[in-house]
Amino acid sequence: MQENFPLSTITSFGTGGLAELLIQVHSTEELYSIITDHKKPLWVLGTGANSLISDKGLSGTTIQLKNSQIELIEESNSVTVVVDAGIEWDYLICELIKNGLWGLELTSGIPGTVGAAVVGNIAAYGQSVSDALIWVDAINTESEYNQPVRLIADQLGLSYRYSDFQNDHFSKYIIVRTAFTLQRSSTMFLNYASALKISEELNIQPDSLENRREIIMEARKRAGSLLDPDQINREKTAGSFFRNPMVSREQAEKIISKEEFGVSESEILRQNLLHGGDSFRISAAHVLLAAGFNRGQSWGPVRLHPEHVLKIENTGGATSQQIYDVAQEIINTVEHKLHIQLKPEVRLLGDF
Ligand SMILES: Cc1cc2nc3c(=O)[nH]c(=O)nc-3n(C[C@H](O)[C@H](O)[C@H](O)COP(=O)(O)OP(=O)(O)OC[C@H]3O[C@@H](n4cnc5c(N)ncnc54)[C@H](O)[C@@H]3O)c2cc1C
């Protein structure tokens with residue numbers, strides 16, 4: 001428990017003001033007493049890899065969940081894995097792989113906690129949390145009833161990078177535990193061009209869990225999508241800042257025609273299918289380029305990544321407000337020039 005805790009030391013952007021009170025919580029029972037006894041509003045954080053936190057900080061109480069149990073339950077044709085929300089996602093993936101369990105291996109290396117993974121329905125290389133989630137136990141912070149409620153995956157509105165925990169009704173819930181269904185054999189092919197290229201180049205067949213993880217980790221390393229919070233010179237980003245938007249076919253065709261690397265339209269549509277679930281969900285990176293933004297473009301200490309234009313970076317000394325202002329400029333320009341509404345994938349916490 002710490003008063004006036006500098007949140008910039010947690011967030012992957014390296015920005016954000018002070019938490020009036022930060023409390024690390026190790027059990028559901030502890031969480032109840034904190035909800036009842038401490039000053040409101042309540043905020044919840046995992047590792048801060050998808051949050052842009054106001055420079056004015058967070059008043060009230062900020063909770064960081066650190067519960068850490070994993071339980072494997074053998075079913076007749078599958079295995080149910082019950083996981084506490086405070087566990088790091090990639091630790092979970094390593095445990096699943098160690099136990100020979102298929103279904104989430106392509107999400108290897110995504111930073112953050114299990115609770116936040118459900119909130120954002122995280123995904124990579126064609127696999128998402130919603131492919132395996134069965135239920136979550138969550139605490140309603142505005143209810144007197146001191147038991148978690150069990151919410152079945154179907155009730156959570158899970159879709160591309162979205163769950164109802166992002167809307168007003170469910171945002172008062174804290175996820176404490178989750179359950180996933182995993183299989184003893186492969187659930188899907190690795191069908192993603194950049195990863196297949198690495199598999200070929202390194203001569204590693206994507207036919208075992210360990211091999212798939214090796215391929216994905218190499219692909220993520222090359223894409224700058226691994227986060228080592230202890231590395232001093234690490235990139236300060238939250239991954240992709242914007243979601244891939246839904247557009248009309250005409251808009252999709254116009255934007256795809258601006259692709260600079262000569263990737264064919266059918267290949268882009270195939271990749272979009274893997275990313276977002278249908279062909280009119282177009283890559284937000286293509287949208288930014290079509291609106292005239294460039295890789296490496298900078299506004300003082302805020303920069304669009306030199307290779308991955310969708311990542312907004314703090315190159316040193318940026319504030320959250322500066323990052324927010326650049327994001328707003330991008331949103332406004334894209335709306336004005338292309339009539340497309342970009343939405344942040346990054347969560348905004350506090351006042352901007
Ligand atoms: C280098 C890098 C690469 C990335 N690559 C990917 C990728 O490939 N795919 C992808 O989908 N994402 C990716 N991301 C985004 C990020 O990893 C995910 O969004 C991740 O789930 C964030 O976890 P976190 O614990 O750090 O979340 P935080 O930033 O701490 O929290 C995110 C949101 O969830 C809420 N929250 C956290 N825990 C709980 C809980 N227990 N109950 C209720 N609400 C909660 C918070 O209030 C906040 O609104 C990447 C990020 C980085 C920095």
# chains A, B, ... in the order shown; residues from 1 in each chain; ligands from 1
>>> residues_around(residues="Gly239 in chain A", least_positions_apart="3", cutoff="8 Å", atoms="only C-alpha atoms", output="MDAnalysis selection string")
chainID A and resid 49:50 225 310:312
>>> closest_atom_pairs(of="range 124-199 of chain A", to="range 95-113 of chain A", cutoff="9 Å", atoms="only C-alpha atoms", output="tab-separated table")
residue	atom	partner	partner_atom	distance
A:Ala124	CA	A:Thr107	CA	5.3
A:Tyr125	CA	A:Leu106	CA	6.0
A:Gly126	CA	A:Leu106	CA	7.6
A:Gln127	CA	A:Leu106	CA	6.1
A:Ser128	CA	A:Thr107	CA	7.2
A:Val129	CA	A:Leu104	CA	7.4
A:Asp131	CA	A:Gly103	CA	7.4
A:Ala132	CA	A:Gly103	CA	6.6
A:Thr181	CA	A:Gly103	CA	7.9
A:Leu182	CA	A:Gly103	CA	5.5
A:Gln183	CA	A:Trp102	CA	5.0
A:Arg184	CA	A:Leu101	CA	5.3
A:Ser185	CA	A:Trp102	CA	6.0
A:Ser186	CA	A:Trp102	CA	5.6
A:Thr187	CA	A:Gly103	CA	5.7
A:Met188	CA	A:Gly103	CA	7.7
A:Leu190	CA	A:Leu106	CA	8.0
>>> write_last_selection(atoms="N, CA, C and O atoms", output="PDB file, in the first residue's frame")
ATOM      1  N   ALA A 124      -3.794 -12.277 -31.143  1.00  0.00           N
ATOM      2  CA  ALA A 124      -2.616 -12.181 -32.007  1.00  0.00           C
ATOM      3  C   ALA A 124      -2.576 -13.402 -32.913  1.00  0.00           C
ATOM      4  O   ALA A 124      -3.012 -14.485 -32.522  1.00  0.00           O
ATOM      5  N   TYR A 125      -2.059 -13.214 -34.098  1.00  0.00           N
ATOM      6  CA  TYR A 125      -1.838 -14.300 -35.061  1.00  0.00           C
ATOM      7  C   TYR A 125      -3.091 -15.168 -35.237  1.00  0.00           C
ATOM      8  O   TYR A 125      -3.010 -16.397 -35.350  1.00  0.00           O
ATOM      9  N   GLY A 126      -4.249 -14.518 -35.219  1.00  0.00           N
ATOM     10  CA  GLY A 126      -5.487 -15.222 -35.525  1.00  0.00           C
ATOM     11  C   GLY A 126      -6.153 -15.910 -34.345  1.00  0.00           C
ATOM     12  O   GLY A 126      -7.153 -16.604 -34.523  1.00  0.00           O
ATOM     13  N   GLN A 127      -5.587 -15.752 -33.124  1.00  0.00           N
ATOM     14  CA  GLN A 127      -6.197 -16.400 -31.959  1.00  0.00           C
ATOM     15  C   GLN A 127      -6.532 -15.330 -30.916  1.00  0.00           C
ATOM     16  O   GLN A 127      -5.749 -14.391 -30.738  1.00  0.00           O
ATOM     17  N   SER A 128      -7.680 -15.498 -30.247  1.00  0.00           N
ATOM     18  CA  SER A 128      -8.060 -14.477 -29.262  1.00  0.00           C
ATOM     19  C   SER A 128      -8.554 -15.135 -27.979  1.00  0.00           C
ATOM     20  O   SER A 128      -8.881 -16.333 -27.954  1.00  0.00           O
ATOM     21  N   VAL A 129      -8.603 -14.322 -26.926  1.00  0.00           N
ATOM     22  CA  VAL A 129      -9.106 -14.788 -25.633  1.00  0.00           C
ATOM     23  C   VAL A 129     -10.481 -15.441 -25.792  1.00  0.00           C
ATOM     24  O   VAL A 129     -10.771 -16.479 -25.212  1.00  0.00           O
ATOM     25  N   ASP A 131     -11.661 -17.182 -28.009  1.00  0.00           N
ATOM     26  CA  ASP A 131     -11.644 -18.536 -28.565  1.00  0.00           C
ATOM     27  C   ASP A 131     -11.691 -19.591 -27.462  1.00  0.00           C
ATOM     28  O   ASP A 131     -12.052 -20.742 -27.714  1.00  0.00           O
ATOM     29  N   ALA A 132     -11.259 -19.231 -26.241  1.00  0.00           N
ATOM     30  CA  ALA A 132     -11.136 -20.251 -25.198  1.00  0.00           C
ATOM     31  C   ALA A 132     -11.829 -19.884 -23.879  1.00  0.00           C
ATOM     32  O   ALA A 132     -11.987 -20.745 -23.012  1.00  0.00           O
ATOM     33  N   THR A 181     -11.139 -23.066 -21.735  1.00  0.00           N
ATOM     34  CA  THR A 181     -11.132 -24.470 -22.156  1.00  0.00           C
ATOM     35  C   THR A 181      -9.993 -24.683 -23.154  1.00  0.00           C
ATOM     36  O   THR A 181      -9.865 -23.932 -24.119  1.00  0.00           O
ATOM     37  N   LEU A 182      -9.150 -25.664 -22.859  1.00  0.00           N
ATOM     38  CA  LEU A 182      -7.981 -25.952 -23.709  1.00  0.00           C
ATOM     39  C   LEU A 182      -8.064 -27.401 -24.195  1.00  0.00           C
ATOM     40  O   LEU A 182      -8.754 -28.218 -23.578  1.00  0.00           O
ATOM     41  N   GLN A 183      -7.353 -27.685 -25.264  1.00  0.00           N
ATOM     42  CA  GLN A 183      -7.458 -29.008 -25.893  1.00  0.00           C
ATOM     43  C   GLN A 183      -6.117 -29.746 -25.836  1.00  0.00           C
ATOM     44  O   GLN A 183      -5.076 -29.134 -25.689  1.00  0.00           O
ATOM     45  N   ARG A 184      -6.189 -31.080 -25.993  1.00  0.00           N
ATOM     46  CA  ARG A 184      -4.971 -31.905 -25.995  1.00  0.00           C
ATOM     47  C   ARG A 184      -4.353 -32.010 -27.394  1.00  0.00           C
ATOM     48  O   ARG A 184      -3.315 -32.629 -27.566  1.00  0.00           O
ATOM     49  N   SER A 185      -5.043 -31.436 -28.395  1.00  0.00           N
ATOM     50  CA  SER A 185      -4.446 -31.431 -29.743  1.00  0.00           C
ATOM     51  C   SER A 185      -4.722 -30.083 -30.401  1.00  0.00           C
ATOM     52  O   SER A 185      -5.536 -29.292 -29.888  1.00  0.00           O
ATOM     53  N   SER A 186      -4.063 -29.853 -31.522  1.00  0.00           N
ATOM     54  CA  SER A 186      -4.117 -28.532 -32.163  1.00  0.00           C
ATOM     55  C   SER A 186      -5.554 -28.113 -32.491  1.00  0.00           C
ATOM     56  O   SER A 186      -6.362 -28.923 -32.940  1.00  0.00           O
ATOM     57  N   THR A 187      -5.862 -26.823 -32.249  1.00  0.00           N
ATOM     58  CA  THR A 187      -7.223 -26.328 -32.513  1.00  0.00           C
ATOM     59  C   THR A 187      -7.281 -25.552 -33.825  1.00  0.00           C
ATOM     60  O   THR A 187      -8.354 -25.320 -34.354  1.00  0.00           O
ATOM     61  N   MET A 188      -6.132 -25.080 -34.298  1.00  0.00           N
ATOM     62  CA  MET A 188      -6.135 -24.317 -35.560  1.00  0.00           C
ATOM     63  C   MET A 188      -4.747 -24.324 -36.193  1.00  0.00           C
ATOM     64  O   MET A 188      -3.752 -24.574 -35.514  1.00  0.00           O
ATOM     65  N   LEU A 190      -1.512 -22.482 -37.980  1.00  0.00           N
ATOM     66  CA  LEU A 190      -0.865 -21.164 -37.991  1.00  0.00           C
ATOM     67  C   LEU A 190      -0.966 -20.686 -39.432  1.00  0.00           C
ATOM     68  O   LEU A 190      -0.452 -21.329 -40.340  1.00  0.00           O
TER      69      LEU A 190
END
>>> closest_atom_pairs(of="chain A", to="ligand 1", cutoff="6 Å", atoms="only C-alpha atoms and all ligand atoms", output="CSV")
residue,atom,partner,partner_atom_place_in_ligand_line,distance
A:Ser12,CA,ligand 1,53 (C),5.7
A:Val44,CA,ligand 1,47 (O),4.5
A:Leu45,CA,ligand 1,30 (O),3.9
A:Gly46,CA,ligand 1,25 (O),3.3
A:Thr47,CA,ligand 1,26 (O),3.6
A:Gly48,CA,ligand 1,29 (O),3.3
A:Ala49,CA,ligand 1,26 (O),3.5
A:Asn50,CA,ligand 1,29 (O),3.5
A:Ser51,CA,ligand 1,29 (O),4.0
A:Ala85,CA,ligand 1,41 (N),5.3
A:Ile110,CA,ligand 1,5 (N),5.0
A:Pro111,CA,ligand 1,17 (O),4.1
A:Gly112,CA,ligand 1,23 (O),3.2
A:Thr113,CA,ligand 1,25 (O),3.8
A:Gly115,CA,ligand 1,41 (N),3.9
A:Ala116,CA,ligand 1,37 (C),4.0
A:Ala117,CA,ligand 1,21 (O),3.8
A:Val119,CA,ligand 1,34 (O),5.4
A:Gly120,CA,ligand 1,19 (O),5.6
A:Ile122,CA,ligand 1,11 (O),3.2
A:Ala123,CA,ligand 1,11 (O),4.2
A:Ala124,CA,ligand 1,8 (O),4.8
A:Tyr173,CA,ligand 1,43 (C),6.0
A:Ile174,CA,ligand 1,42 (N),3.7
A:Ile175,CA,ligand 1,42 (N),3.8
A:Val176,CA,ligand 1,41 (N),5.6
A:Ser225,CA,ligand 1,1 (C),4.2
A:Leu226,CA,ligand 1,1 (C),4.9
A:Leu227,CA,ligand 1,1 (C),4.7
A:Thr237,CA,ligand 1,53 (C),5.3
A:Ala238,CA,ligand 1,53 (C),3.7
A:Gly239,CA,ligand 1,52 (C),3.8
A:Arg347,CA,ligand 1,49 (O),5.1
>>> write_last_selection(atoms="C-alpha atoms", output="short mmCIF file (atom, residue, chain, number, x, y, z; two decimals), in the first residue's frame")
data_model
loop_
_atom_site.label_atom_id
_atom_site.label_comp_id
_atom_site.auth_asym_id
_atom_site.auth_seq_id
_atom_site.Cartn_x
_atom_site.Cartn_y
_atom_site.Cartn_z
CA SER A 12 4.40 0.92 -20.61
CA VAL A 44 -7.99 -1.27 -11.34
CA LEU A 45 -4.72 -1.86 -13.11
CA GLY A 46 -2.86 -4.90 -14.37
CA THR A 47 0.63 -4.09 -15.63
CA GLY A 48 -0.37 -0.80 -17.33
CA ALA A 49 0.55 -2.04 -20.84
CA ASN A 50 -2.70 -0.81 -22.38
CA SER A 51 -3.43 2.30 -20.32
CA ALA A 85 -6.90 -12.43 -12.92
CA ILE A 110 1.41 -10.49 -25.24
CA PRO A 111 2.20 -8.28 -22.24
CA GLY A 112 -0.24 -7.79 -19.36
CA THR A 113 -2.45 -9.69 -16.94
CA GLY A 115 -7.91 -9.85 -16.14
CA ALA A 116 -6.98 -7.14 -18.64
CA ALA A 117 -6.72 -9.78 -21.39
CA VAL A 119 -11.29 -6.73 -20.76
CA GLY A 120 -9.55 -6.14 -24.13
CA ILE A 122 -6.63 -9.60 -26.65
CA ALA A 123 -5.58 -11.40 -29.81
CA ALA A 124 -2.62 -12.18 -32.01
CA TYR A 173 -16.78 -4.93 -12.08
CA ILE A 174 -13.34 -6.19 -11.13
CA ILE A 175 -12.49 -9.54 -12.70
CA VAL A 176 -10.92 -11.81 -10.07
CA SER A 225 6.01 -6.41 -29.91
CA LEU A 226 7.73 -7.85 -26.85
CA LEU A 227 7.79 -5.81 -23.66
CA THR A 237 4.34 2.29 -26.21
CA ALA A 238 1.14 0.45 -25.46
CA GLY A 239 1.28 -1.57 -28.69
CA ARG A 347 -7.71 2.61 -22.35
#
>>> closest_residue(among="A:Leu72, A:Ala179, A:Leu18, A:Leu288", to="Val118 in chain A", atoms="only C-alpha atoms")
A:Ala179
>>> closest_residue(among="A:Arg213, A:Lys66, A:Arg249, A:Arg222", to="Arg177 in chain A", atoms="only C-alpha atoms")
A:Lys66
>>> select_by_dssp(residues="range 49-159 of chain A", states="strand (DSSP E)", output="ChimeraX atom specification")
/A:51-53,58-65,70-74,79-84,123-124,127-128,133-140,149-152
>>> select_by_dssp(residues="range 152-313 of chain A", states="helix (DSSP H, G or I)", output="MDAnalysis selection string")
chainID A and resid 153:156 164:166 170:172 193:201 209:222 249:256 265:276 284:290
>>> atom_distance(atom1="CA of Pro6 in chain A", atom2="CA of Gly224 in chain A")
26.0 Å
>>> residues_around(residues="Val149 in chain A", least_positions_apart="3", cutoff="8 Å", atoms="only C-alpha atoms", output="JSON, numbers by chain")
{"A": [137, 138, 139, 140]}
>>> residues_around(residues="Gln2 in chain A", least_positions_apart="6", cutoff="7 Å", atoms="only C-alpha atoms", output="JSON, numbers by chain")
{"A": [21, 22, 23]}
>>> write_last_selection(atoms="C-alpha atoms", output="CSV table (one decimal), in the first residue's frame")
chain,number,residue,atom,x,y,z
A,21,LEU,CA,-3.3,5.4,-3.0
A,22,LEU,CA,-2.1,2.3,-4.7
A,23,ILE,CA,-2.8,-1.1,-3.1
>>> atom_distance(atom1="CA of Gln24 in chain A", atom2="CA of Gly86 in chain A")
9.9 Å
>>> residues_around(residues="range 321-334 of chain A", least_positions_apart="3", cutoff="7 Å", atoms="only C-alpha atoms", output="MDAnalysis selection string")
chainID A and resid 54:55 291 302 318 337:342 352
>>> atom_distance(atom1="CA of Glu29 in chain A", atom2="CA of Glu144 in chain A")
13.8 Å
>>> residues_around(residues="His26 in chain A", least_positions_apart="5", cutoff="8 Å", atoms="only C-alpha atoms", output="ChimeraX atom specification")
/A:31,65-68
>>> write_last_selection(atoms="all heavy atoms", output="short mmCIF file (atom, residue, chain, number, x, y, z; two decimals), in the first residue's frame")
data_model
loop_
_atom_site.label_atom_id
_atom_site.label_comp_id
_atom_site.auth_asym_id
_atom_site.auth_seq_id
_atom_site.Cartn_x
_atom_site.Cartn_y
_atom_site.Cartn_z
N LEU A 31 -9.66 -7.99 -1.32
CA LEU A 31 -10.26 -7.04 -2.26
C LEU A 31 -11.57 -6.49 -1.69
O LEU A 31 -11.84 -5.29 -1.77
CB LEU A 31 -10.50 -7.74 -3.61
CG LEU A 31 -10.97 -6.88 -4.77
CD1 LEU A 31 -10.02 -5.72 -5.03
CD2 LEU A 31 -11.09 -7.73 -6.04
N LEU A 65 -4.17 -6.02 -9.01
CA LEU A 65 -4.43 -7.40 -8.59
C LEU A 65 -3.17 -8.26 -8.73
O LEU A 65 -2.53 -8.24 -9.77
CB LEU A 65 -5.51 -8.01 -9.47
CG LEU A 65 -6.95 -7.92 -8.99
CD1 LEU A 65 -7.85 -8.69 -9.93
CD2 LEU A 65 -7.09 -8.46 -7.58
N LYS A 66 -2.86 -8.99 -7.67
CA LYS A 66 -1.66 -9.85 -7.70
C LYS A 66 -2.01 -11.28 -7.31
O LYS A 66 -1.13 -12.03 -6.88
CB LYS A 66 -0.61 -9.30 -6.71
CG LYS A 66 -0.02 -7.95 -7.11
CD LYS A 66 0.98 -8.10 -8.23
CE LYS A 66 1.51 -6.77 -8.71
NZ LYS A 66 2.39 -6.88 -9.88
N ASN A 67 -3.32 -11.65 -7.37
CA ASN A 67 -3.66 -13.05 -7.04
C ASN A 67 -3.07 -13.97 -8.11
O ASN A 67 -2.93 -13.57 -9.27
CB ASN A 67 -5.17 -13.23 -6.84
CG ASN A 67 -5.99 -12.76 -8.04
OD1 ASN A 67 -5.46 -12.17 -8.98
ND2 ASN A 67 -7.27 -13.01 -8.02
N SER A 68 -2.74 -15.22 -7.73
CA SER A 68 -1.84 -15.95 -8.63
C SER A 68 -2.05 -17.48 -8.68
O SER A 68 -1.10 -18.22 -8.88
CB SER A 68 -0.40 -15.66 -8.21
OG SER A 68 -0.22 -16.06 -6.87
#
